[in-house]
Amino acid sequence: MNAPTPQPLLFQPTRGNADLAARLRRAVAGMVMFDPASRGRYATDASIYQVDPIGVLVPSSAADVEAALDVCRDLRVPVLPRGAGSSQCGQTVGAALVIDHSKHLNRIVALDKDAMTVMVEPGVVLDQLNAWLKPHGLWFPVDVSTSAQATLGGMAGNNSCGSRSIAYGNMVHNVHAVDALLSDGTQARFGPASEMQSASPPVRRLLDGLEAIGARERDEIALRVPTVMRRVGGYNIDVFNPQSERPYTTNGSVNFAHLLVGSEGTLAWTRQLTLNVRPLPAHRALGVVNFPSLYRAMQCTQNLVALGPSAVELVDRTMIELSRANPAFRPVIDAALTGEPEAILLVEFTGGDADGPLRRLDDLVALMGDLGLPGSVIRMSDAAAQKALWDVRKAGLNIMMSLRGDGKPVSFIEDCAVPLAHLPDYVDRLTQIFRKHGTRGTWYAHASVGTLHVRPILDMRRDGAAKMRAIAEEASAMVREYKGAFSGEHGDGLVRSEWVAWQFGPRLTRAFEEIKDLFDPAGLMNPGKIVRASRMDDASLFRFPPGYRTLPIATALDWSAWNVQNDPLTDTVSPPGTGGDPAHGFAKAVEMCNNNGHCRKFDAGTMCPSYRVTRDEAHLTRGRANTLRLALSGQLGPDFASQSVRDALDLCVSCKGCRRDCPTGVDMAKMKIEFMHHWRQAHGLRLRERMIARLPHWAPRAAAVPWLSNLRDVIPGAKLLGEKCLGLARQRTLPRWRRDTFLGNRSAASDRQQEDEADVVLFVDTFTNYFEPENARAAVAVLRAGGYRVHVARAAADDAQSNRPLCCGRTFLAAGMVDEAKHEARRVVAALAPHVARGAAIVGLEPSCLLTLRDEFLVMGMGNAALRLSESSFLIEEFLAREHRDGRLDLPLAPLPESRALLHGHCHQKAFDALSPALAVLRLVPGLDVQLIESSCCGMAGSFGFEAAHYDVSMRMAELSLLPAVRAAAADTLIVADGTSCRHQIDDGMRGAGRRQALHVVRVLERALAAAARSDGIPR
Ligand SMILES: Cc1cc2nc3c(=O)[nH]c(=O)nc-3n(C[C@H](O)[C@H](O)[C@H](O)COP(=O)(O)OP(=O)(O)OC[C@H]3O[C@@H](n4cnc5c(N)ncnc54)[C@H](O)[C@@H]3O)c2cc1C
Ligand code: SF4
Ligand code: SF4
C-alpha cells in the first residue's frame, strides 16, 4: 500500500514560513494553520487549479485580520481573502496567506429600513441573510445558484450575478458601500463620492489618483468597456464613464465601492458591506415555453425579455433528458412539457398582487401565438410547482457534473455574455467549435441577459489544456465580433485574467495596473489575478496536471464503477474497471468532488452535520475529499493511511448525507470505510473500537447475564472508569441489555414452520434483538394484522455459526474491518437468497442495518446475489407504504390519545428516500397530524456519540435542531424515530428536561392497532 511517492510532494512543510506562523500565532486569537493537510484543503476552489497556499488563517474577529495584515506587510507575505471558496475561475487559490472569514466573521450588523440597506460582515452566507430578512418582507436579490454557501464578501469580490439579474442587476448594482482595510493598514469606508468628502488625507490621495485615471481614460473606457450588463471582467473602471446598459447608479454619479466590487480580493480586504435590500415579491408566476429547436428558443429570447420578466432561464434537450431519467423529477419536468421540445425557457413574472403576474402570463401566451408557436406555453401559478421546476433545473446541472471518468465539464467560457440579438448564432457556432475539438457542451441558464452556461467536456490530464485554449480563442473571437463580454458572471481568477488585456486593450490594462498599485502598492493582495496574470493553461497550476498519478492501493471495497473513462462525442462510458486507476476506482470516486462547496449548506438536508457544528473546512465533505485526494496522489507523503487523513475523517458520522445531497454523489461514509480498512492494517484498532465492532459476536453472552452487562450505568464510578479505560463518555447511558431478546423467544422460533410460504422475511438486527425486542414484536404484529405471513430470518442451515443471529456487518464496517463485514454479509446473502428467489420481501427495522443490504453489500464482491437481495430489501415503512399504495394493505387502525406526531428521520433513511414512506405510514393512523422535524444528523451515529472524544460534538449536532424541536413539542405529541441511535440520543438529550421516549414507527402502528382492537372488542 505504501508504495513510493508517484509525484512531487506539493505540500511540503514550508521552512521559510516558520517565522510567519509564529508571529501570527502571537498576534491573533483565531486559528493559524500551516500543516500540509490544512494548506492542501485551501489549495483549491471550484476551478481546475490547485496552488499551495503559504498558510491559512481563520480569524476570530476583524482585529485578527488587521493584526495579520500588519505581520504580512512586515514580512512581505501576500494575502488572499476567502469566503466559501466556490469560485470557478481560480480567484481563491494562490501562494499567499489565505484568510477564511466564513467561520467567525458572519454577523448581520444592522438593518436600516428607511434607507433600505443592510450592513453585513463578509462571511454572511446569502441564504442566511435572506432568511433573516424574510420576516421584514425584504430580500437581497442577487440570487446566485450557490446561495446556500456563497458569502456576501465573495459575492462582492466576484461581482456575482443571479438568475434574476435582468430585474435586479449584479452585485455592483446592489452594493452601497464597502468598509475596507487596505494592505498598508489604512481603513476607509468606500461609497458614493458625495459621502467621501471628508476622507482622510491618504484616502483622499487614493481617490484623487483614481479619479485622475478615470478622467484620463474616459474615451478609452467608452471604446473598450462592453456595454452588456453581464460584464464582470477587469476592474469597474466605468464608474468614471458609465457604459453598462444598466447603470451602476441611478444618476451616473461615482460610487467608489463599485471599484472594489469584482476586484477579487486584489485591492483591499472587505471588512463590512452595506447592501441595498428590496421588498420581497409577493407573487410569482412561471410560463414554460416549449421550443422545437434551441436556435428558435434563442431567437425568441429578445421578444420574451421585452415583456419585462424577472427571469428567462434556458434548459436544453440534454438537461431535459437527464432530468427525465430521474424518477423523482420525471413528473415535474413532464408537467412542463408539450410534446418533445428541443429546449424550454422558464419565463418568470413577479408582482405585488396575484393578478399582475397572471396577466403577464396571458401576454406571454399571446406573444408566442404571434411568434408562430401557439400552444407552446405551460402556465404555472402554484408556488410549489414553480419551486419543483426550478429544483429540477438545478438537479439537471448536478447530474451533468456527476459524469464519471477523467473528462469533466470544464468552466472557462461558461459565462460569456453576448447581446441577445446574437445569441442564436453564438450558440450555433460554439456548438460547432466544440464538435471540431471532439467535445460537446450542455446549454442552460441565463438567456435573459445573454449569459448561457456551457461547459465543454475536457480531460485536463491529457489534451484538455490545448483544447481549452483553442476553444477559448475561437469563442473570444466571436464574443468580440458580437461586442459581448468574455467574463460575464464568474470573474477572472487564473482562468481569465490573461484575457483582461484582450478584452480591454493595452491602455486600460495599464490603467488597471495603476488602480491596483494605488490601492495596494506593496502588491500583497491576491497577486496574479486580474492584473499581471499567469496563462490560463499553465499546467503547473492545474489540480490534475498531465502525468497526474495516484498511489497503487489494493482496495477493500469494489470501486470499479468509478474506474471508467467517458467519450463526450458518443456520450458513452467505458465498462467498470477500465479507467486505469491504480487505486482501482477509489481515487476516481474521491476526485468526483469538484469543490463546488455545496456541502457547506445549512438547509433542511443532512449534509454535512460535522461542518454544521464546527464550521471547519477540515470537517466538511469537501475538506475530507480533498484530504483523501491529496493523500491518494501522494501529495501529503507516501503513506496513504496517515494521521492527517484520519483527523479529517474523525468527525465524519457516516450519515451518508453527502451520498444524497452532494451534486456529484461523493459518498464519504463509504470512503471512510475504505480508509479505516487501510488505517487498521497500518495502525491496528483501539480496544474500544474492537469491542464495539465485535458486538454482534459477544452480544449473545452479554444478553445471557443482563444484570452484569448493565452494571456500568448502576455502580458509582463505573462510568468514569469506562471513560478512562475505554473512552466511553461518562455522560452517556449505554443501551440496556435485555434477557427477553427477540430471537431467543420461542414464538419467533415457531416462525420456522412458515419459512417456505412467508410473504415477508423479517431481518432482525443486533440492536433490535438485544436492546429493543419490543420493536420486532410490534413489526410482527403489524405485518400479521396486514395479512402477511411472516418468517423471521435466521442463518442458513449450513452456516458454520448457525446459532448466531444474522448481522449486516455495520459495526465491522465502521471500524474498517471489511473482511469481517464481508463474512457477515455472505452469511446474510446465503440465508436470504432462497427467500429472494421465491419473491419474498426482506423487511428490516433499523435503517443503518437494513440499508447496508442495499448499499455496502453491493461493493463487497458478492455479485448478482447481493444485487437481487438489495432489490428485495425494504425498511418496514417502505414495504407498508408500497403495499398500501398498491391497494394490498388495509390495517385496522384507530385514533390514538395523541393527536400529533413529530418524526425525526434517520440519516440513512433520508439518504435512501425512505422518509416519505415513514410519513405516509404514520398518516394511516386516523386523526394523527404528522410533521417532520427538519433536522440533520442526531449526532449519535452508531458509536460516535458514545465516545468521550466526540460527546461534545455529538450533543452540539443534536442541539442544532432535533432536541430543540423535541423540547418544544407538547407533552402529548408522539416523538417518532426509526433509528436506534436517534432514539438513544433523544433519550439522553432529554434527561432532566421532561424525559421523552421516542418510538419506532411500528410501535405507533401497533398502538393504533391495539386501540382499534379495544374499540371493537377483538383481541389482536
Ligand atoms: C455550481 C456553481 C454555481 C455557481 N453559480 C453562480 C451564479 O449563479 N452566479 C454567480 O455569480 N456565480 C456563481 N458561481 C460562482 C461562485 O459561487 C460565486 O461567485 C460566489 O458568489 C462566490 O462566493 P464565495 O463565498 O464562494 O467566494 P470565494 O470564492 O471565497 O471568493 C470570491 C472572491 O472574492 C474575494 N473575497 C472574498 N472575501 C473577501 C473579502 N472579505 N475581502 C475582499 N475580497 C474577498 C476572494 O479573494 C475571491 O477573489 C457558481 C459556482 C459554482 C461552483
Ligand atoms: S463534496 Fe460534493 S458538495 Fe462538497 S464540494 Fe465536493 S462535490 Fe461539492
Ligand atoms: S457522511 Fe455525513 S458527516 Fe460524513 S462527510 Fe458525508 S455528510 Fe458529512
# chains A, B, ... in the order shown; residues from 1 in each chain; ligands from 1
>>> select_by_dssp(residues="stretch 505-699 of chain A", states="helix (DSSP H, G or I)", output="ChimeraX atom specification")
/A:505-519,539-541,560-562,586-590,598-600,609-614,617-619,621-632,643-650,657-661,668-683,687-693,695-699
>>> select_by_dssp(residues="stretch 329-433 of chain A", states="strand (DSSP E or B)", output="CSV table (one decimal) with all heavy atoms, in the first residue's frame")
chain,number,residue,atom,x,y,z
A,343,ALA,N,-35.8,22.5,-26.5
A,343,ALA,CA,-35.4,23.4,-25.4
A,343,ALA,C,-36.6,24.0,-24.8
A,343,ALA,O,-37.7,24.1,-25.4
A,343,ALA,CB,-34.5,24.5,-26.0
A,344,ILE,N,-36.5,24.4,-23.5
A,344,ILE,CA,-37.6,25.2,-22.9
A,344,ILE,C,-37.0,26.4,-22.3
A,344,ILE,O,-35.8,26.5,-21.9
A,344,ILE,CB,-38.3,24.4,-21.8
A,344,ILE,CG1,-37.4,23.8,-20.8
A,344,ILE,CG2,-39.2,23.3,-22.5
A,344,ILE,CD1,-38.1,23.1,-19.6
A,345,LEU,N,-37.8,27.5,-22.2
A,345,LEU,CA,-37.4,28.7,-21.5
A,345,LEU,C,-38.4,28.9,-20.3
A,345,LEU,O,-39.6,28.9,-20.5
A,345,LEU,CB,-37.4,29.9,-22.4
A,345,LEU,CG,-36.3,30.0,-23.4
A,345,LEU,CD1,-36.5,31.2,-24.4
A,345,LEU,CD2,-34.9,30.2,-22.8
A,346,LEU,N,-37.8,29.1,-19.1
A,346,LEU,CA,-38.6,29.3,-18.0
A,346,LEU,C,-38.7,30.8,-17.8
A,346,LEU,O,-37.7,31.5,-17.6
A,346,LEU,CB,-37.9,28.8,-16.7
A,346,LEU,CG,-38.1,27.3,-16.4
A,346,LEU,CD1,-37.7,26.4,-17.5
A,346,LEU,CD2,-37.4,26.9,-15.1
A,347,VAL,N,-39.9,31.4,-18.0
A,347,VAL,CA,-40.1,32.8,-18.0
A,347,VAL,C,-40.9,33.2,-16.7
A,347,VAL,O,-42.1,32.8,-16.6
A,347,VAL,CB,-40.9,33.3,-19.3
A,347,VAL,CG1,-40.9,34.8,-19.4
A,347,VAL,CG2,-40.3,32.7,-20.5
A,348,GLU,N,-40.3,33.9,-15.9
A,348,GLU,CA,-40.9,34.2,-14.6
A,348,GLU,C,-41.4,35.7,-14.5
A,348,GLU,O,-40.6,36.6,-15.0
A,348,GLU,CB,-40.0,34.0,-13.4
A,348,GLU,CG,-40.6,34.2,-12.1
A,348,GLU,CD,-39.5,34.2,-11.0
A,348,GLU,OE1,-38.8,35.2,-10.9
A,348,GLU,OE2,-39.4,33.2,-10.2
A,349,PHE,N,-42.6,35.9,-14.0
A,349,PHE,CA,-43.1,37.3,-13.8
A,349,PHE,C,-43.3,37.4,-12.3
A,349,PHE,O,-43.8,36.5,-11.6
A,349,PHE,CB,-44.3,37.5,-14.5
A,349,PHE,CG,-44.2,37.4,-16.0
A,349,PHE,CD1,-44.6,36.3,-16.7
A,349,PHE,CD2,-43.5,38.4,-16.8
A,349,PHE,CE1,-44.4,36.1,-18.1
A,349,PHE,CE2,-43.4,38.3,-18.1
A,349,PHE,CZ,-43.8,37.1,-18.8
A,350,THR,N,-43.1,38.6,-11.7
A,350,THR,CA,-43.4,38.9,-10.3
A,350,THR,C,-44.3,40.1,-10.2
A,350,THR,O,-44.3,40.9,-11.1
A,350,THR,CB,-42.1,39.1,-9.5
A,350,THR,OG1,-41.4,40.2,-10.1
A,350,THR,CG2,-41.2,37.9,-9.4
A,351,GLY,N,-44.9,40.2,-9.1
A,351,GLY,CA,-45.8,41.4,-8.9
A,351,GLY,C,-46.3,41.5,-7.4
A,351,GLY,O,-46.3,40.5,-6.7
A,377,VAL,N,-46.9,27.3,-24.5
A,377,VAL,CA,-46.7,27.7,-23.1
A,377,VAL,C,-47.4,26.9,-22.1
A,377,VAL,O,-48.6,26.7,-22.2
A,377,VAL,CB,-47.1,29.2,-22.9
A,377,VAL,CG1,-46.8,29.7,-21.5
A,377,VAL,CG2,-46.4,30.1,-23.9
A,378,ILE,N,-46.7,26.4,-21.1
A,378,ILE,CA,-47.3,25.8,-19.9
A,378,ILE,C,-47.4,26.8,-18.8
A,378,ILE,O,-46.3,27.4,-18.4
A,378,ILE,CB,-46.5,24.5,-19.4
A,378,ILE,CG1,-46.4,23.5,-20.6
A,378,ILE,CG2,-47.2,23.9,-18.2
A,378,ILE,CD1,-47.7,22.7,-20.9
A,379,ARG,N,-48.5,27.1,-18.2
A,379,ARG,CA,-48.7,28.1,-17.2
A,379,ARG,C,-48.5,27.4,-15.8
A,379,ARG,O,-49.1,26.4,-15.5
A,379,ARG,CB,-50.1,28.8,-17.3
A,379,ARG,CG,-50.3,29.4,-18.6
A,379,ARG,CD,-51.8,29.7,-18.7
A,379,ARG,NE,-52.2,30.7,-17.7
A,379,ARG,CZ,-52.5,32.0,-17.9
A,379,ARG,NH1,-52.4,32.4,-19.1
A,379,ARG,NH2,-52.9,32.7,-16.9
A,380,MET,N,-47.7,28.1,-14.9
A,380,MET,CA,-47.6,27.6,-13.6
A,380,MET,C,-47.8,28.7,-12.6
A,380,MET,O,-46.9,29.6,-12.5
A,380,MET,CB,-46.2,27.0,-13.4
A,380,MET,CG,-46.0,25.7,-14.1
A,380,MET,SD,-44.5,24.9,-13.5
A,380,MET,CE,-44.5,23.4,-14.5
A,408,LYS,N,-14.2,16.0,-17.8
A,408,LYS,CA,-15.1,16.7,-16.9
A,408,LYS,C,-15.6,17.9,-17.7
A,408,LYS,O,-14.9,18.5,-18.4
A,408,LYS,CB,-14.5,17.1,-15.6
A,408,LYS,CG,-13.9,16.0,-14.8
A,408,LYS,CD,-15.0,15.2,-14.1
A,408,LYS,CE,-14.4,14.1,-13.2
A,408,LYS,NZ,-15.3,13.0,-12.9
A,409,PRO,N,-16.9,18.3,-17.4
A,409,PRO,CA,-17.3,19.6,-17.9
A,409,PRO,C,-16.4,20.7,-17.3
A,409,PRO,O,-16.4,20.9,-16.1
A,409,PRO,CB,-18.8,19.7,-17.5
A,409,PRO,CG,-19.1,18.3,-17.1
A,409,PRO,CD,-17.9,17.7,-16.6
A,417,ALA,N,-20.9,36.7,-22.2
A,417,ALA,CA,-22.2,37.4,-22.3
A,417,ALA,C,-22.2,38.0,-23.7
A,417,ALA,O,-21.3,38.7,-24.1
A,417,ALA,CB,-22.4,38.4,-21.2
>>> residues_around(residues="stretch 833-837 of chain A", least_positions_apart="3", cutoff="9 Å", atoms="only C-alpha atoms", output="ChimeraX atom specification")
/A:755-756,758-761,828-830,840-842,865-866,868-869,871-873
>>> residues_near_ligand(ligand="ligand 2", cutoff="7 Å", atoms="only C-alpha atoms and all ligand atoms", output="list of chain:residue names")
A:Met592, A:Cys593, A:Asn594, A:Asn595, A:Asn596, A:Gly597, A:His598, A:Cys599, A:Thr621, A:Arg622, A:Ala625, A:Cys658, A:Cys662, A:Pro663, A:Thr664, A:Gly665, A:Val666
>>> write_last_selection(atoms="N, CA, C and O atoms", output="compact mmCIF listing (two decimals), in the first residue's frame")
# COMPACT_ATOMS: atom_id res chain seq x y z
N MET A 592 -14.36 12.86 -7.70
CA MET A 592 -15.66 13.39 -8.13
C MET A 592 -15.98 14.71 -7.46
O MET A 592 -16.78 15.50 -7.94
N CYS A 593 -15.37 14.97 -6.32
CA CYS A 593 -15.60 16.27 -5.66
C CYS A 593 -14.99 17.36 -6.52
O CYS A 593 -13.79 17.37 -6.75
N ASN A 594 -15.84 18.26 -7.01
CA ASN A 594 -15.31 19.35 -7.83
C ASN A 594 -15.24 20.66 -7.05
O ASN A 594 -15.14 21.72 -7.62
N ASN A 595 -15.32 20.56 -5.73
CA ASN A 595 -15.11 21.72 -4.84
C ASN A 595 -16.18 22.79 -4.94
O ASN A 595 -15.94 23.94 -4.59
N ASN A 596 -17.38 22.44 -5.41
CA ASN A 596 -18.39 23.50 -5.53
C ASN A 596 -18.88 24.01 -4.18
O ASN A 596 -19.55 25.04 -4.11
N GLY A 597 -18.58 23.30 -3.11
CA GLY A 597 -18.85 23.81 -1.77
C GLY A 597 -20.29 23.66 -1.31
O GLY A 597 -20.67 24.21 -0.28
N HIS A 598 -21.07 22.88 -2.03
CA HIS A 598 -22.49 22.75 -1.65
C HIS A 598 -22.63 22.08 -0.28
O HIS A 598 -23.66 22.24 0.39
N CYS A 599 -21.61 21.35 0.14
CA CYS A 599 -21.68 20.69 1.46
C CYS A 599 -21.59 21.69 2.60
O CYS A 599 -21.71 21.31 3.77
N THR A 621 -17.44 17.75 3.96
CA THR A 621 -17.27 16.71 2.95
C THR A 621 -16.16 17.11 1.97
O THR A 621 -15.29 16.29 1.63
N ARG A 622 -16.20 18.36 1.52
CA ARG A 622 -15.18 18.82 0.58
C ARG A 622 -13.78 18.71 1.17
O ARG A 622 -12.84 18.25 0.51
N ALA A 625 -12.79 15.11 1.17
CA ALA A 625 -12.49 14.60 -0.17
C ALA A 625 -11.14 15.15 -0.64
O ALA A 625 -10.34 14.41 -1.22
N CYS A 658 -23.99 13.18 2.33
CA CYS A 658 -23.35 13.59 1.09
C CYS A 658 -23.71 12.66 -0.06
O CYS A 658 -23.84 13.10 -1.20
N CYS A 662 -24.83 15.62 -2.12
CA CYS A 662 -23.71 16.14 -2.92
C CYS A 662 -24.07 16.03 -4.40
O CYS A 662 -24.47 14.96 -4.86
N PRO A 663 -23.94 17.14 -5.15
CA PRO A 663 -24.32 17.10 -6.56
C PRO A 663 -23.61 16.02 -7.36
O PRO A 663 -24.14 15.52 -8.33
N THR A 664 -22.39 15.66 -6.96
CA THR A 664 -21.68 14.66 -7.74
C THR A 664 -21.65 13.31 -7.03
O THR A 664 -20.92 12.41 -7.43
N GLY A 665 -22.43 13.19 -5.95
CA GLY A 665 -22.58 11.89 -5.29
C GLY A 665 -21.37 11.42 -4.51
O GLY A 665 -21.14 10.21 -4.37
N VAL A 666 -20.57 12.35 -4.00
CA VAL A 666 -19.44 11.94 -3.15
C VAL A 666 -20.00 11.21 -1.93
O VAL A 666 -20.83 11.75 -1.21
>>> atom_distance(atom1="atom CA of A:Gln299", atom2="atom CA of A:Glu481")
18.1 Å
>>> atom_distance(atom1="atom CA of A:Val843", atom2="atom CA of A:Gly905")
18.0 Å
>>> closest_residue(among="A:Leu508, A:Val288, A:Ala43, A:Leu57", to="A:Ala29", atoms="only C-alpha atoms")
A:Leu57
>>> residues_around(residues="A:Asp425", least_positions_apart="6", cutoff="10 Å", atoms="only C-alpha atoms", output="VMD selection string")
chain A and resid 295 298 to 299 431 478 482
>>> residues_around(residues="A:Val454", least_positions_apart="5", cutoff="6 Å", atoms="only C-alpha atoms", output="PyMOL selection string")
chain A and resi 414+441-443
>>> write_last_selection(atoms="N, CA and C atoms", output="compact mmCIF listing (two decimals), in the first residue's frame")
# COMPACT_ATOMS: atom_id res chain seq x y z
N GLU A 414 -17.78 29.53 -19.65
CA GLU A 414 -19.13 29.17 -19.21
C GLU A 414 -20.07 30.36 -19.15
N GLY A 441 -21.09 20.30 -25.32
CA GLY A 441 -21.48 21.02 -24.11
C GLY A 441 -22.99 21.01 -23.97
N THR A 442 -23.44 21.20 -22.74
CA THR A 442 -24.87 21.28 -22.48
C THR A 442 -25.19 22.73 -22.12
N TRP A 443 -26.28 23.24 -22.70
CA TRP A 443 -26.59 24.67 -22.54
C TRP A 443 -27.70 24.88 -21.51
>>> residues_near_ligand(ligand="ligand 3", cutoff="10 Å", atoms="only C-alpha atoms and all ligand atoms", output="ChimeraX atom specification")
/A:599-600,605-612,619-625,648-662,665-672,907-908,911,936-937,939,941
>>> residues_near_ligand(ligand="ligand 1", cutoff="7 Å", atoms="only C-alpha atoms and all ligand atoms", output="ChimeraX atom specification")
/A:45-46,80-88,91-92,101,122,143-146,149-163,264-265,268-271,489-490,493,526,596-597
>>> write_last_selection(atoms="N, CA and C atoms", output="compact mmCIF listing (two decimals), in the first residue's frame")
# COMPACT_ATOMS: atom_id res chain seq x y z
N ASP A 45 -10.32 25.65 -5.33
CA ASP A 45 -11.69 26.15 -5.27
C ASP A 45 -12.47 25.39 -6.35
N ALA A 46 -13.56 25.93 -6.86
CA ALA A 46 -14.34 25.16 -7.84
C ALA A 46 -13.78 25.29 -9.25
N LEU A 80 -4.69 36.42 0.79
CA LEU A 80 -5.79 36.04 -0.11
C LEU A 80 -7.08 35.87 0.70
N PRO A 81 -8.00 36.83 0.61
CA PRO A 81 -9.26 36.68 1.36
C PRO A 81 -10.13 35.59 0.72
N ARG A 82 -10.87 34.89 1.58
CA ARG A 82 -11.68 33.78 1.04
C ARG A 82 -12.97 33.63 1.82
N GLY A 83 -14.07 33.35 1.07
CA GLY A 83 -15.35 33.06 1.71
C GLY A 83 -15.60 31.57 1.65
N ALA A 84 -16.56 31.15 0.81
CA ALA A 84 -16.84 29.72 0.70
C ALA A 84 -15.89 29.03 -0.27
N GLY A 85 -15.09 29.80 -1.00
CA GLY A 85 -14.18 29.19 -1.97
C GLY A 85 -14.93 28.48 -3.08
N SER A 86 -16.07 29.05 -3.51
CA SER A 86 -16.84 28.39 -4.58
C SER A 86 -16.58 29.02 -5.94
N SER A 87 -15.55 29.83 -6.02
CA SER A 87 -15.24 30.47 -7.30
C SER A 87 -14.85 29.44 -8.35
N GLN A 88 -15.24 29.72 -9.58
CA GLN A 88 -14.97 28.75 -10.65
C GLN A 88 -13.71 29.08 -11.45
N GLN A 91 -9.87 32.28 -8.54
CA GLN A 91 -9.50 33.51 -7.84
C GLN A 91 -9.23 33.29 -6.36
N THR A 92 -9.64 32.14 -5.81
CA THR A 92 -9.43 31.92 -4.36
C THR A 92 -8.27 30.98 -4.09
N HIS A 101 -12.79 33.91 6.29
CA HIS A 101 -13.61 34.63 7.27
C HIS A 101 -15.01 34.04 7.40
N PRO A 122 -18.31 40.06 6.01
CA PRO A 122 -18.11 39.39 4.70
C PRO A 122 -18.45 37.91 4.69
N ASP A 143 -29.52 36.54 -6.60
CA ASP A 143 -29.78 35.15 -6.21
C ASP A 143 -28.92 34.16 -6.98
N VAL A 144 -27.65 34.08 -6.58
CA VAL A 144 -26.72 33.14 -7.23
C VAL A 144 -27.16 31.71 -6.95
N SER A 145 -26.80 30.78 -7.85
CA SER A 145 -27.18 29.37 -7.64
C SER A 145 -26.54 28.81 -6.39
N THR A 146 -25.39 29.36 -6.01
CA THR A 146 -24.69 28.87 -4.82
C THR A 146 -25.14 29.61 -3.56
N GLN A 149 -24.21 28.56 0.00
CA GLN A 149 -22.85 28.59 0.53
C GLN A 149 -22.10 29.89 0.23
N ALA A 150 -22.50 30.61 -0.81
CA ALA A 150 -21.75 31.81 -1.20
C ALA A 150 -21.84 32.88 -0.12
N THR A 151 -20.70 33.47 0.21
CA THR A 151 -20.68 34.54 1.21
C THR A 151 -20.83 35.89 0.50
N LEU A 152 -21.34 36.86 1.24
CA LEU A 152 -21.51 38.19 0.62
C LEU A 152 -20.16 38.79 0.27
N GLY A 153 -19.14 38.51 1.09
CA GLY A 153 -17.79 39.02 0.78
C GLY A 153 -17.30 38.45 -0.54
N GLY A 154 -17.53 37.15 -0.75
CA GLY A 154 -17.11 36.52 -2.00
C GLY A 154 -17.95 36.98 -3.17
N MET A 155 -19.24 37.17 -2.92
CA MET A 155 -20.13 37.64 -4.00
C MET A 155 -19.72 39.04 -4.45
N ALA A 156 -19.37 39.89 -3.48
CA ALA A 156 -18.91 41.23 -3.86
C ALA A 156 -17.57 41.10 -4.57
N GLY A 157 -16.70 40.22 -4.05
CA GLY A 157 -15.38 40.03 -4.66
C GLY A 157 -15.49 39.65 -6.12
N ASN A 158 -16.51 38.85 -6.45
CA ASN A 158 -16.65 38.36 -7.83
C ASN A 158 -17.65 39.16 -8.66
N ASN A 159 -18.29 40.14 -8.06
CA ASN A 159 -19.38 40.84 -8.76
C ASN A 159 -20.39 39.81 -9.26
N SER A 160 -20.86 38.98 -8.35
CA SER A 160 -21.72 37.86 -8.72
C SER A 160 -23.07 38.32 -9.27
N CYS A 161 -23.72 37.39 -9.98
CA CYS A 161 -24.99 37.71 -10.63
C CYS A 161 -25.96 36.55 -10.44
N GLY A 162 -27.21 36.84 -10.23
CA GLY A 162 -28.19 35.78 -10.02
C GLY A 162 -29.07 35.55 -11.23
N SER A 163 -29.97 34.57 -11.09
CA SER A 163 -30.88 34.23 -12.18
C SER A 163 -31.80 35.40 -12.53
N GLU A 264 -11.97 40.88 -6.74
CA GLU A 264 -11.43 39.55 -6.43
C GLU A 264 -10.35 39.58 -5.35
N GLY A 265 -10.52 40.43 -4.38
CA GLY A 265 -9.58 40.47 -3.26
C GLY A 265 -8.23 41.03 -3.63
N ALA A 268 -8.32 45.29 -1.76
CA ALA A 268 -8.49 45.58 -0.34
C ALA A 268 -9.22 44.42 0.31
N TRP A 269 -9.18 44.35 1.61
CA TRP A 269 -9.96 43.36 2.35
C TRP A 269 -11.28 44.00 2.77
N THR A 270 -12.37 43.34 2.45
CA THR A 270 -13.69 43.87 2.79
C THR A 270 -14.03 43.50 4.22
N ARG A 271 -14.18 44.51 5.04
CA ARG A 271 -14.48 44.27 6.45
C ARG A 271 -15.99 44.20 6.68
N GLU A 489 -19.95 36.48 -15.59
CA GLU A 489 -20.59 36.10 -14.33
C GLU A 489 -19.58 35.66 -13.27
N HIS A 490 -18.60 34.86 -13.66
CA HIS A 490 -17.80 34.19 -12.64
C HIS A 490 -16.47 34.83 -12.34
N GLY A 493 -10.00 35.50 -12.11
CA GLY A 493 -9.20 34.47 -11.46
C GLY A 493 -7.99 34.07 -12.29
N ASN A 526 -3.90 39.27 -3.06
CA ASN A 526 -4.21 38.26 -4.08
C ASN A 526 -3.49 38.49 -5.41
N ASN A 596 -17.38 22.44 -5.41
CA ASN A 596 -18.39 23.50 -5.53
C ASN A 596 -18.88 24.01 -4.18
N GLY A 597 -18.58 23.30 -3.11
CA GLY A 597 -18.85 23.81 -1.77
C GLY A 597 -20.29 23.66 -1.31
>>> atom_distance(atom1="atom CA of A:Pro242", atom2="atom CA of A:Ala475")
26.2 Å
>>> residues_around(residues="A:Leu430", least_positions_apart="2", cutoff="9 Å", atoms="only C-alpha atoms", output="JSON, numbers by chain")
{"A": [425, 426, 427, 428, 432, 433, 434, 435, 471, 474, 475, 478]}
>>> closest_residue(among="A:Pro226, A:Gly356, A:Gly90, A:Gly339", to="A:Arg496", atoms="only C-alpha atoms")
A:Gly90
>>> residues_around(residues="A:Leu728", least_positions_apart="4", cutoff="10 Å", atoms="only C-alpha atoms", output="list in words")
Arg688, Lys719, Leu720, Leu721, Gly722, Glu723, Lys724, Arg732, Thr733, Leu734, Ser943, Phe944, Gly945, Phe946, Glu947, Ala948, Ala949, His950 and Tyr951 of chain A
